[in-house]
$ cat my_file_15.pdb   # PDB, C-alpha atoms and all ligand atoms
ATOM      1  CA  MET A   1       0.000   0.000   0.000  1.00  0.00           C
ATOM      2  CA  SER A   2       1.634   3.241  -1.113  1.00  0.00           C
ATOM      3  CA  ASN A   3      -0.632   5.840   0.410  1.00  0.00           C
ATOM      4  CA  LEU A   4      -1.489   5.225   4.030  1.00  0.00           C
ATOM      5  CA  ILE A   5      -3.097   8.630   4.506  1.00  0.00           C
ATOM      6  CA  SER A   6      -5.772   7.753   1.938  1.00  0.00           C
ATOM      7  CA  VAL A   7      -6.807   4.836   4.158  1.00  0.00           C
ATOM      8  CA  PHE A   8      -6.152   5.971   7.730  1.00  0.00           C
ATOM      9  CA  GLY A   9      -6.444   9.762   7.356  1.00  0.00           C
ATOM     10  CA  LYS A  10      -4.020  12.614   7.975  1.00  0.00           C
ATOM     11  CA  LYS A  11      -4.735  12.967  11.687  1.00  0.00           C
ATOM     12  CA  VAL A  12      -4.959   9.696  13.592  1.00  0.00           C
ATOM     13  CA  ALA A  13      -4.979   8.569  17.205  1.00  0.00           C
ATOM     14  CA  ILE A  14      -3.242   5.391  18.334  1.00  0.00           C
ATOM     15  CA  VAL A  15      -4.671   4.083  21.582  1.00  0.00           C
ATOM     16  CA  THR A  16      -2.587   1.658  23.662  1.00  0.00           C
ATOM     17  CA  ALA A  17      -2.347   0.207  27.166  1.00  0.00           C
ATOM     18  CA  HIS A  18       1.392   0.038  27.951  1.00  0.00           C
ATOM     19  CA  PRO A  19       4.649   1.798  27.100  1.00  0.00           C
ATOM     20  CA  ASP A  20       6.100  -0.543  24.400  1.00  0.00           C
ATOM     21  CA  ASP A  21       2.754  -1.422  22.714  1.00  0.00           C
ATOM     22  CA  GLU A  22       3.291   1.476  20.287  1.00  0.00           C
ATOM     23  CA  SER A  23       6.636  -0.013  19.255  1.00  0.00           C
ATOM     24  CA  PHE A  24       5.838  -3.739  19.321  1.00  0.00           C
ATOM     25  CA  VAL A  25       2.491  -3.464  17.542  1.00  0.00           C
ATOM     26  CA  PHE A  26       2.048  -0.111  15.767  1.00  0.00           C
ATOM     27  CA  ALA A  27       5.487   1.444  15.067  1.00  0.00           C
ATOM     28  CA  GLY A  28       5.528   0.558  11.371  1.00  0.00           C
ATOM     29  CA  LEU A  29       2.155   2.052  10.496  1.00  0.00           C
ATOM     30  CA  ALA A  30       2.796   5.081  12.709  1.00  0.00           C
ATOM     31  CA  ARG A  31       6.146   5.723  11.019  1.00  0.00           C
ATOM     32  CA  GLY A  32       4.681   5.251   7.552  1.00  0.00           C
ATOM     33  CA  LEU A  33       1.950   7.787   8.264  1.00  0.00           C
ATOM     34  CA  VAL A  34       4.442  10.284   9.726  1.00  0.00           C
ATOM     35  CA  VAL A  35       6.659   9.968   6.640  1.00  0.00           C
ATOM     36  CA  GLU A  36       3.624  10.752   4.468  1.00  0.00           C
ATOM     37  CA  GLY A  37       3.007  13.889   6.540  1.00  0.00           C
ATOM     38  CA  ALA A  38       0.222  12.696   8.846  1.00  0.00           C
ATOM     39  CA  VAL A  39      -0.154  13.699  12.479  1.00  0.00           C
ATOM     40  CA  VAL A  40       0.014  10.559  14.625  1.00  0.00           C
ATOM     41  CA  ASP A  41      -0.936  11.051  18.268  1.00  0.00           C
ATOM     42  CA  LEU A  42      -0.408   8.401  20.932  1.00  0.00           C
ATOM     43  CA  TYR A  43      -2.651   7.819  23.937  1.00  0.00           C
ATOM     44  CA  CYS A  44      -1.100   5.288  26.329  1.00  0.00           C
ATOM     45  CA  MET A  45      -3.277   4.569  29.327  1.00  0.00           C
ATOM     46  CA  THR A  46      -0.800   3.062  31.852  1.00  0.00           C
ATOM     47  CA  MET A  47       2.825   3.546  32.826  1.00  0.00           C
ATOM     48  CA  GLY A  48       3.463  -0.180  32.673  1.00  0.00           C
ATOM     49  CA  GLU A  49       4.315  -0.685  36.347  1.00  0.00           C
ATOM     50  CA  GLN A  50       3.521  -4.404  36.142  1.00  0.00           C
ATOM     51  CA  GLY A  51       6.106  -4.968  33.433  1.00  0.00           C
ATOM     52  CA  ARG A  52       8.957  -7.330  34.008  1.00  0.00           C
ATOM     53  CA  ALA A  53      11.860  -5.401  35.436  1.00  0.00           C
ATOM     54  CA  TYR A  54      15.225  -7.017  34.910  1.00  0.00           C
ATOM     55  CA  ILE A  55      16.784  -4.696  37.455  1.00  0.00           C
ATOM     56  CA  GLU A  56      16.045  -4.033  41.134  1.00  0.00           C
ATOM     57  CA  ILE A  57      13.512  -1.220  41.007  1.00  0.00           C
ATOM     58  CA  THR A  58      10.455   0.072  42.878  1.00  0.00           C
ATOM     59  CA  GLU A  59       7.044   0.287  41.216  1.00  0.00           C
ATOM     60  CA  GLN A  60       7.362   4.071  41.084  1.00  0.00           C
ATOM     61  CA  GLY A  61      10.862   3.748  39.661  1.00  0.00           C
ATOM     62  CA  LEU A  62       9.601   1.426  36.942  1.00  0.00           C
ATOM     63  CA  LYS A  63       6.808   3.866  36.051  1.00  0.00           C
ATOM     64  CA  GLU A  64       9.352   6.641  35.603  1.00  0.00           C
ATOM     65  CA  LEU A  65      11.763   4.458  33.672  1.00  0.00           C
ATOM     66  CA  ARG A  66       9.105   3.137  31.310  1.00  0.00           C
ATOM     67  CA  SER A  67       7.724   6.658  30.756  1.00  0.00           C
ATOM     68  CA  SER A  68      11.145   7.886  29.707  1.00  0.00           C
ATOM     69  CA  GLU A  69      11.658   4.856  27.448  1.00  0.00           C
ATOM     70  CA  LEU A  70       8.304   5.630  25.851  1.00  0.00           C
ATOM     71  CA  GLU A  71       9.347   9.215  25.195  1.00  0.00           C
ATOM     72  CA  ALA A  72      12.498   7.996  23.479  1.00  0.00           C
ATOM     73  CA  ALA A  73      10.535   5.510  21.353  1.00  0.00           C
ATOM     74  CA  VAL A  74       7.942   8.029  20.151  1.00  0.00           C
ATOM     75  CA  GLN A  75      10.740  10.382  19.118  1.00  0.00           C
ATOM     76  CA  ILE A  76      12.300   7.632  17.026  1.00  0.00           C
ATOM     77  CA  ILE A  77       8.945   6.892  15.380  1.00  0.00           C
ATOM     78  CA  GLY A  78       8.063  10.569  14.961  1.00  0.00           C
ATOM     79  CA  MET A  79       4.664  10.342  16.618  1.00  0.00           C
ATOM     80  CA  ASN A  80       3.400  12.598  19.430  1.00  0.00           C
ATOM     81  CA  LEU A  81       2.893  11.317  22.961  1.00  0.00           C
ATOM     82  CA  VAL A  82      -0.233  13.320  23.726  1.00  0.00           C
ATOM     83  CA  TYR A  83      -1.400  11.449  26.806  1.00  0.00           C
ATOM     84  CA  LEU A  84       0.280   9.045  29.208  1.00  0.00           C
ATOM     85  CA  GLY A  85      -2.236   7.912  31.822  1.00  0.00           C
ATOM     86  CA  SER A  86      -1.771   6.377  35.218  1.00  0.00           C
ATOM     87  CA  PHE A  87      -4.549   3.820  34.988  1.00  0.00           C
ATOM     88  CA  PRO A  88      -3.661   0.550  36.750  1.00  0.00           C
ATOM     89  CA  ASP A  89      -1.488  -1.735  34.629  1.00  0.00           C
ATOM     90  CA  GLY A  90      -3.015  -5.220  34.581  1.00  0.00           C
ATOM     91  CA  SER A  91      -6.538  -4.308  35.669  1.00  0.00           C
ATOM     92  CA  LEU A  92      -7.907  -1.941  33.046  1.00  0.00           C
ATOM     93  CA  TYR A  93     -10.994  -4.152  32.807  1.00  0.00           C
ATOM     94  CA  LYS A  94     -12.062  -2.691  36.161  1.00  0.00           C
ATOM     95  CA  LYS A  95     -11.826   0.853  34.797  1.00  0.00           C
ATOM     96  CA  LYS A  96     -13.721   0.695  31.512  1.00  0.00           C
ATOM     97  CA  GLN A  97     -16.059   3.552  32.374  1.00  0.00           C
ATOM     98  CA  GLU A  98     -13.241   5.884  33.467  1.00  0.00           C
ATOM     99  CA  LEU A  99     -11.101   4.951  30.464  1.00  0.00           C
ATOM    100  CA  SER A 100     -13.979   5.669  28.170  1.00  0.00           C
ATOM    101  CA  GLU A 101     -14.741   9.037  29.767  1.00  0.00           C
ATOM    102  CA  LYS A 102     -11.092  10.066  29.711  1.00  0.00           C
ATOM    103  CA  LEU A 103     -10.616   9.153  26.069  1.00  0.00           C
ATOM    104  CA  ARG A 104     -13.947  10.699  25.041  1.00  0.00           C
ATOM    105  CA  SER A 105     -12.721  14.025  26.444  1.00  0.00           C
ATOM    106  CA  LEU A 106      -9.368  13.742  24.640  1.00  0.00           C
ATOM    107  CA  LEU A 107     -10.033  12.199  21.231  1.00  0.00           C
ATOM    108  CA  ILE A 108     -11.212  15.144  19.182  1.00  0.00           C
ATOM    109  CA  GLY A 109     -10.663  15.882  15.509  1.00  0.00           C
ATOM    110  CA  TYR A 110      -9.285  12.517  14.378  1.00  0.00           C
ATOM    111  CA  GLN A 111     -10.004  10.790  11.092  1.00  0.00           C
ATOM    112  CA  SER A 112      -9.454   7.320  12.502  1.00  0.00           C
ATOM    113  CA  ILE A 113      -8.534   5.505  15.687  1.00  0.00           C
ATOM    114  CA  ILE A 114      -5.975   2.718  15.571  1.00  0.00           C
ATOM    115  CA  GLY A 115      -5.663   0.169  18.340  1.00  0.00           C
ATOM    116  CA  PHE A 116      -5.818  -3.462  19.378  1.00  0.00           C
ATOM    117  CA  GLY A 117      -8.143  -6.034  17.881  1.00  0.00           C
ATOM    118  CA  SER A 118     -10.656  -8.120  19.780  1.00  0.00           C
ATOM    119  CA  GLU A 119      -7.984 -10.645  20.723  1.00  0.00           C
ATOM    120  CA  GLY A 120      -5.616  -7.912  21.927  1.00  0.00           C
ATOM    121  CA  PHE A 121      -2.729  -9.024  19.667  1.00  0.00           C
ATOM    122  CA  THR A 122      -1.072 -10.935  22.513  1.00  0.00           C
ATOM    123  CA  GLY A 123      -4.258 -11.722  24.453  1.00  0.00           C
ATOM    124  CA  HIS A 124      -3.289  -9.348  27.267  1.00  0.00           C
ATOM    125  CA  SER A 125      -6.515  -8.416  29.049  1.00  0.00           C
ATOM    126  CA  ASP A 126      -5.550  -4.722  29.085  1.00  0.00           C
ATOM    127  CA  HIS A 127      -5.269  -4.820  25.288  1.00  0.00           C
ATOM    128  CA  VAL A 128      -8.666  -6.521  25.021  1.00  0.00           C
ATOM    129  CA  THR A 129     -10.176  -3.833  27.266  1.00  0.00           C
ATOM    130  CA  MET A 130      -8.636  -1.078  25.144  1.00  0.00           C
ATOM    131  CA  ASN A 131     -10.211  -2.640  22.067  1.00  0.00           C
ATOM    132  CA  GLU A 132     -13.632  -2.662  23.693  1.00  0.00           C
ATOM    133  CA  VAL A 133     -13.366   0.954  24.837  1.00  0.00           C
ATOM    134  CA  ALA A 134     -11.780   2.446  21.716  1.00  0.00           C
ATOM    135  CA  LYS A 135     -13.991   0.862  19.113  1.00  0.00           C
ATOM    136  CA  VAL A 136     -17.145   2.070  20.875  1.00  0.00           C
ATOM    137  CA  LEU A 137     -15.690   5.596  20.936  1.00  0.00           C
ATOM    138  CA  ALA A 138     -14.798   5.421  17.232  1.00  0.00           C
ATOM    139  CA  ASP A 139     -18.394   4.405  16.533  1.00  0.00           C
ATOM    140  CA  GLU A 140     -19.687   7.327  18.568  1.00  0.00           C
ATOM    141  CA  MET A 141     -17.369   9.663  16.677  1.00  0.00           C
ATOM    142  CA  GLU A 142     -18.427   8.083  13.373  1.00  0.00           C
ATOM    143  CA  ILE A 143     -14.850   7.426  12.339  1.00  0.00           C
ATOM    144  CA  PRO A 144     -13.256   4.075  11.476  1.00  0.00           C
ATOM    145  CA  TYR A 145     -11.474   1.923  14.044  1.00  0.00           C
ATOM    146  CA  TYR A 146      -8.513   0.010  12.637  1.00  0.00           C
ATOM    147  CA  CYS A 147      -6.948  -2.782  14.616  1.00  0.00           C
ATOM    148  CA  ALA A 148      -3.632  -4.583  14.445  1.00  0.00           C
ATOM    149  CA  CYS A 149      -3.861  -8.250  13.454  1.00  0.00           C
ATOM    150  CA  LEU A 150      -1.489 -11.169  13.386  1.00  0.00           C
ATOM    151  CA  PRO A 151      -0.493 -12.241   9.864  1.00  0.00           C
ATOM    152  CA  HIS A 152      -2.221 -14.918   7.831  1.00  0.00           C
ATOM    153  CA  GLY A 153      -0.384 -18.018   6.717  1.00  0.00           C
ATOM    154  CA  GLU A 154       2.403 -20.041   8.249  1.00  0.00           C
ATOM    155  CA  ASN A 155       3.846 -17.166  10.261  1.00  0.00           C
ATOM    156  CA  HIS A 156       0.549 -16.822  12.045  1.00  0.00           C
ATOM    157  CA  ASP A 157       0.979 -19.969  14.105  1.00  0.00           C
ATOM    158  CA  ILE A 158       4.672 -19.334  14.751  1.00  0.00           C
ATOM    159  CA  ILE A 159       4.045 -15.796  15.994  1.00  0.00           C
ATOM    160  CA  LYS A 160       0.986 -16.783  17.964  1.00  0.00           C
ATOM    161  CA  SER A 161       2.707 -19.630  19.806  1.00  0.00           C
ATOM    162  CA  ALA A 162       5.744 -17.440  20.564  1.00  0.00           C
ATOM    163  CA  LEU A 163       3.450 -14.757  21.977  1.00  0.00           C
ATOM    164  CA  LEU A 164       1.748 -17.414  24.105  1.00  0.00           C
ATOM    165  CA  ARG A 165       5.130 -18.464  25.502  1.00  0.00           C
ATOM    166  CA  LYS A 166       5.922 -14.830  26.328  1.00  0.00           C
ATOM    167  CA  ARG A 167       3.104 -14.724  28.885  1.00  0.00           C
ATOM    168  CA  HIS A 168       4.506 -14.486  32.371  1.00  0.00           C
ATOM    169  CA  CYS A 169       1.567 -13.372  34.489  1.00  0.00           C
ATOM    170  CA  ASP A 170      -2.179 -13.718  34.905  1.00  0.00           C
ATOM    171  CA  PHE A 171      -3.207 -10.857  32.694  1.00  0.00           C
ATOM    172  CA  TYR A 172      -4.018 -12.911  29.644  1.00  0.00           C
ATOM    173  CA  GLU A 173      -7.294 -14.044  28.197  1.00  0.00           C
ATOM    174  CA  ASP A 174      -7.792 -16.849  25.742  1.00  0.00           C
ATOM    175  CA  CYS A 175      -9.726 -15.096  23.060  1.00  0.00           C
ATOM    176  CA  GLU A 176     -10.912 -16.503  19.824  1.00  0.00           C
ATOM    177  CA  GLU A 177      -9.348 -14.852  16.868  1.00  0.00           C
ATOM    178  CA  LEU A 178     -11.945 -12.626  15.373  1.00  0.00           C
ATOM    179  CA  ASP A 179      -9.935 -10.286  13.243  1.00  0.00           C
ATOM    180  CA  LEU A 180      -8.419 -11.255   9.924  1.00  0.00           C
ATOM    181  CA  PRO A 181      -5.950  -8.906   8.276  1.00  0.00           C
ATOM    182  CA  GLU A 182      -7.312  -6.883   5.361  1.00  0.00           C
ATOM    183  CA  ILE A 183      -4.436  -4.437   4.970  1.00  0.00           C
ATOM    184  CA  THR A 184      -0.772  -5.485   4.758  1.00  0.00           C
ATOM    185  CA  ILE A 185       1.743  -2.712   5.257  1.00  0.00           C
ATOM    186  CA  LYS A 186       5.433  -2.926   4.386  1.00  0.00           C
ATOM    187  CA  ILE A 187       7.153  -1.093   7.189  1.00  0.00           C
ATOM    188  CA  ASP A 188      10.537   0.430   8.028  1.00  0.00           C
ATOM    189  CA  SER A 189      12.187  -2.442   9.896  1.00  0.00           C
ATOM    190  CA  GLU A 190      15.093  -0.355  11.169  1.00  0.00           C
ATOM    191  CA  ILE A 191      12.799   2.179  12.815  1.00  0.00           C
ATOM    192  CA  LYS A 192      10.679  -0.581  14.356  1.00  0.00           C
ATOM    193  CA  LEU A 193      13.727  -2.322  15.836  1.00  0.00           C
ATOM    194  CA  LYS A 194      15.198   0.969  17.037  1.00  0.00           C
ATOM    195  CA  ALA A 195      11.900   1.884  18.742  1.00  0.00           C
ATOM    196  CA  LEU A 196      11.773  -1.537  20.409  1.00  0.00           C
ATOM    197  CA  LYS A 197      15.345  -1.119  21.631  1.00  0.00           C
ATOM    198  CA  ALA A 198      14.402   2.222  23.230  1.00  0.00           C
ATOM    199  CA  HIS A 199      12.456   0.112  25.752  1.00  0.00           C
ATOM    200  CA  THR A 200      15.670  -1.032  27.390  1.00  0.00           C
ATOM    201  CA  SER A 201      14.045  -2.382  30.558  1.00  0.00           C
ATOM    202  CA  GLN A 202      11.654  -4.570  28.522  1.00  0.00           C
ATOM    203  CA  PHE A 203      13.726  -5.379  25.461  1.00  0.00           C
ATOM    204  CA  SER A 204      14.622  -8.954  26.346  1.00  0.00           C
ATOM    205  CA  GLY A 205      10.894  -9.717  26.203  1.00  0.00           C
ATOM    206  CA  LEU A 206      10.359  -7.699  23.013  1.00  0.00           C
ATOM    207  CA  ASP A 207      13.321  -8.682  20.850  1.00  0.00           C
ATOM    208  CA  PRO A 208      11.886 -10.300  17.695  1.00  0.00           C
ATOM    209  CA  TYR A 209      15.120 -12.283  17.259  1.00  0.00           C
ATOM    210  CA  GLY A 210      14.682 -13.661  20.780  1.00  0.00           C
ATOM    211  CA  LEU A 211      10.980 -14.395  20.393  1.00  0.00           C
ATOM    212  CA  PHE A 212      10.942 -15.867  16.895  1.00  0.00           C
ATOM    213  CA  ASP A 213      13.198 -17.724  14.500  1.00  0.00           C
ATOM    214  CA  ARG A 214      15.190 -15.492  12.162  1.00  0.00           C
ATOM    215  CA  SER A 215      12.879 -15.492   9.147  1.00  0.00           C
ATOM    216  CA  THR A 216       9.765 -14.933  11.271  1.00  0.00           C
ATOM    217  CA  ALA A 217      11.568 -12.119  13.099  1.00  0.00           C
ATOM    218  CA  ASP A 218      12.471 -10.535   9.743  1.00  0.00           C
ATOM    219  CA  ASP A 219       8.839 -10.778   8.716  1.00  0.00           C
ATOM    220  CA  PHE A 220       7.696  -9.303  12.034  1.00  0.00           C
ATOM    221  CA  LEU A 221       9.999  -6.330  11.490  1.00  0.00           C
ATOM    222  CA  ASN A 222       9.012  -5.794   7.856  1.00  0.00           C
ATOM    223  CA  PHE A 223       5.228  -6.033   7.866  1.00  0.00           C
ATOM    224  CA  GLU A 224       2.229  -5.016   9.942  1.00  0.00           C
ATOM    225  CA  TYR A 225      -1.326  -6.162   9.347  1.00  0.00           C
ATOM    226  CA  TYR A 226      -4.559  -4.321  10.059  1.00  0.00           C
ATOM    227  CA  CYS A 227      -8.298  -4.605   9.595  1.00  0.00           C
ATOM    228  CA  LYS A 228     -11.307  -2.393  10.071  1.00  0.00           C
ATOM    229  CA  ASN A 229     -12.940  -3.548  13.276  1.00  0.00           C
ATOM    230  CA  ALA A 230     -16.658  -2.821  13.234  1.00  0.00           C
ATOM    231  CA  ASN A 231     -18.594  -2.770  16.456  1.00  0.00           C
ATOM    232  CA  LYS A 232     -20.878  -5.760  16.242  1.00  0.00           C
TER     233      LYS A 232
HETATM  234 ZN    ZN A 301       0.822  -4.137  26.242  1.00  0.00          ZN
END
$ encode --input "my_file_15.pdb" --output "structure tokens"
Amino acid sequence: MSNLISVFGKKVAIVTAHPDDESFVFAGLARGLVVEGAVVDLYCMTMGEQGRAYIEITEQGLKELRSSELEAAVQIIGMNLVYLGSFPDGSLYKKKQELSEKLRSLLIGYQSIIGFGSEGFTGHSDHVTMNEVAKVLADEMEIPYYCACLPHGENHDIIKSALLRKRHCDFYEDCEELDLPEITIKIDSEIKLKALKAHTSQFSGLDPYGLFDRSTADDFLNFEYYCKNANK
């Protein structure tokens, strides 16, 4: 696809749960839109305090560290960090109403919202909650909601089983896969890897070459897949 703006619009909001989601899931599309001249604004609802810390650090320390890693990553991608919330990492499902009210007050003037699909990409319950909240808001605003999907084909099962192995806590739901990719985007692999590496404290869990075999990792860094997720 050569013209992303014609599909997604020239002012878009990406709505995520954790610092690193923007890099692991959306960096390629975000970068592509920025290069075409679009405004790409990021709304990240938690500071990721439940993330795995590979160093001795307090919860507050991890919040601060992950916030600064996020700022570095968005600079690499070229998107704007418009809102970084302090909703509770790992239990967003308890805060749907507040999340919805907060985002309703913030998301103004966008041509589309981009976020997680019904299965939350990795199955993380916070991602699933963000899908539920954001697609209802997009409907209210009468703009499209686009969600990130896993690829079709043989890489699908490889990526999916690697993401299942990555789970290290109780935050995951076993969702059926509801979203099939309709849009394949060739992305800037160097920018995606650089953005991932900006999340130093999380990188050992994000490194495509650690998660997947080499050819799947190359694919992960070269393509992203999306579909229009209608509210059923
Ligand atoms: Zn996440």
$ residues_near_ligand --input "my_file_15.pdb" --ligand "ligand ZN 301 (chain A)" --cutoff "9 Å" --atoms "only C-alpha atoms and all ligand atoms" --output "list of chain:residue names"
A:Thr16, A:Ala17, A:His18, A:Pro19, A:Asp20, A:Asp21, A:Glu22, A:Phe24, A:Val25, A:Gly48, A:Gly51, A:Gly120, A:Phe121, A:Thr122, A:His124, A:Ser125, A:Asp126, A:His127
$ closest_residue --input "my_file_15.pdb" --among "A:Thr200, A:Thr216, A:Asn3, A:Asn229" --to "Tyr54 (chain A)" --atoms "all atoms listed in the file"
A:Thr200
$ resolve_selection --input "my_file_15.pdb" --expression "the PyMOL selection byres (((chain A and resi 109) around 10) and not hetatm)" --output "count of residues only"
11
$ closest_residue --input "my_file_15.pdb" --among "A:Ala30, A:Ala53, A:Lys192, A:His199" --to "Ser67 (chain A)" --atoms "all atoms listed in the file"
A:His199
$ closest_atom_pairs --input "my_file_15.pdb" --of "region 13-105 of chain A" --to "region 148-172 of chain A" --cutoff "9 Å" --atoms "only C-alpha atoms" --output "tab-separated table"
residue	atom	partner	partner_atom	distance
A:Val25	CA	A:Ala148	CA	7.0
A:Phe26	CA	A:Ala148	CA	7.3
A:Arg52	CA	A:His168	CA	8.6
A:Gly90	CA	A:Phe171	CA	5.9
A:Ser91	CA	A:Phe171	CA	7.9
$ atom_distance --input "my_file_15.pdb" --atom1 "CA of Glu49 (chain A)" --atom2 "CA of Leu62 (chain A)"
5.7 Å
$ closest_residue --input "my_file_15.pdb" --among "A:Cys44, A:Leu70, A:Tyr226, A:Glu64" --to "Phe87 (chain A)" --atoms "all atoms listed in the file"
A:Cys44
$ closest_residue --input "my_file_15.pdb" --among "A:Cys147, A:Ile114, A:Cys227, A:Leu211" --to "Glu182 (chain A)" --atoms "all atoms listed in the file"
A:Cys227
$ residues_near_point --input "my_file_15.pdb" --point "(2.2, 8.2, 8.6)" --cutoff "12 Å" --atoms "all atoms listed in the file" --output "number ranges by chain"
A: 2-14, 26-41, 77-80, 185, 187-188
$ atom_distance --input "my_file_15.pdb" --atom1 "CA of Ser215 (chain A)" --atom2 "CA of Ser201 (chain A)"
25.1 Å
$ atom_distance --input "my_file_15.pdb" --atom1 "CA of Glu119 (chain A)" --atom2 "CA of Asp179 (chain A)"
7.7 Å
$ closest_residue --input "my_file_15.pdb" --among "A:Ser68, A:Ser23, A:Thr46, A:Ser100" --to "Ser189 (chain A)" --atoms "only C-alpha atoms"
A:Ser23
$ residues_around --input "my_file_15.pdb" --residues "Gln97 (chain A)" --least-positions-apart "5" --cutoff "12 Å" --atoms "all atoms listed in the file" --output "VMD selection string"
chain A and resid 87 92 102 to 104 129 to 130 132 to 134 136 to 137
$ residues_around --input "my_file_15.pdb" --residues "Ala73 (chain A)" --least-positions-apart "4" --cutoff "7 Å" --atoms "only C-alpha atoms" --output "number ranges by chain"
A: 69, 77, 195, 198
$ closest_residue --input "my_file_15.pdb" --among "A:Lys228, A:Thr184, A:Ile191, A:Asp89" --to "Lys135 (chain A)" --atoms "only C-alpha atoms"
A:Lys228
$ residues_around --input "my_file_15.pdb" --residues "Tyr43 (chain A)" --least-positions-apart "5" --cutoff "7 Å" --atoms "only C-alpha atoms" --output "VMD selection string"
chain A and resid 14 to 16 81 to 84
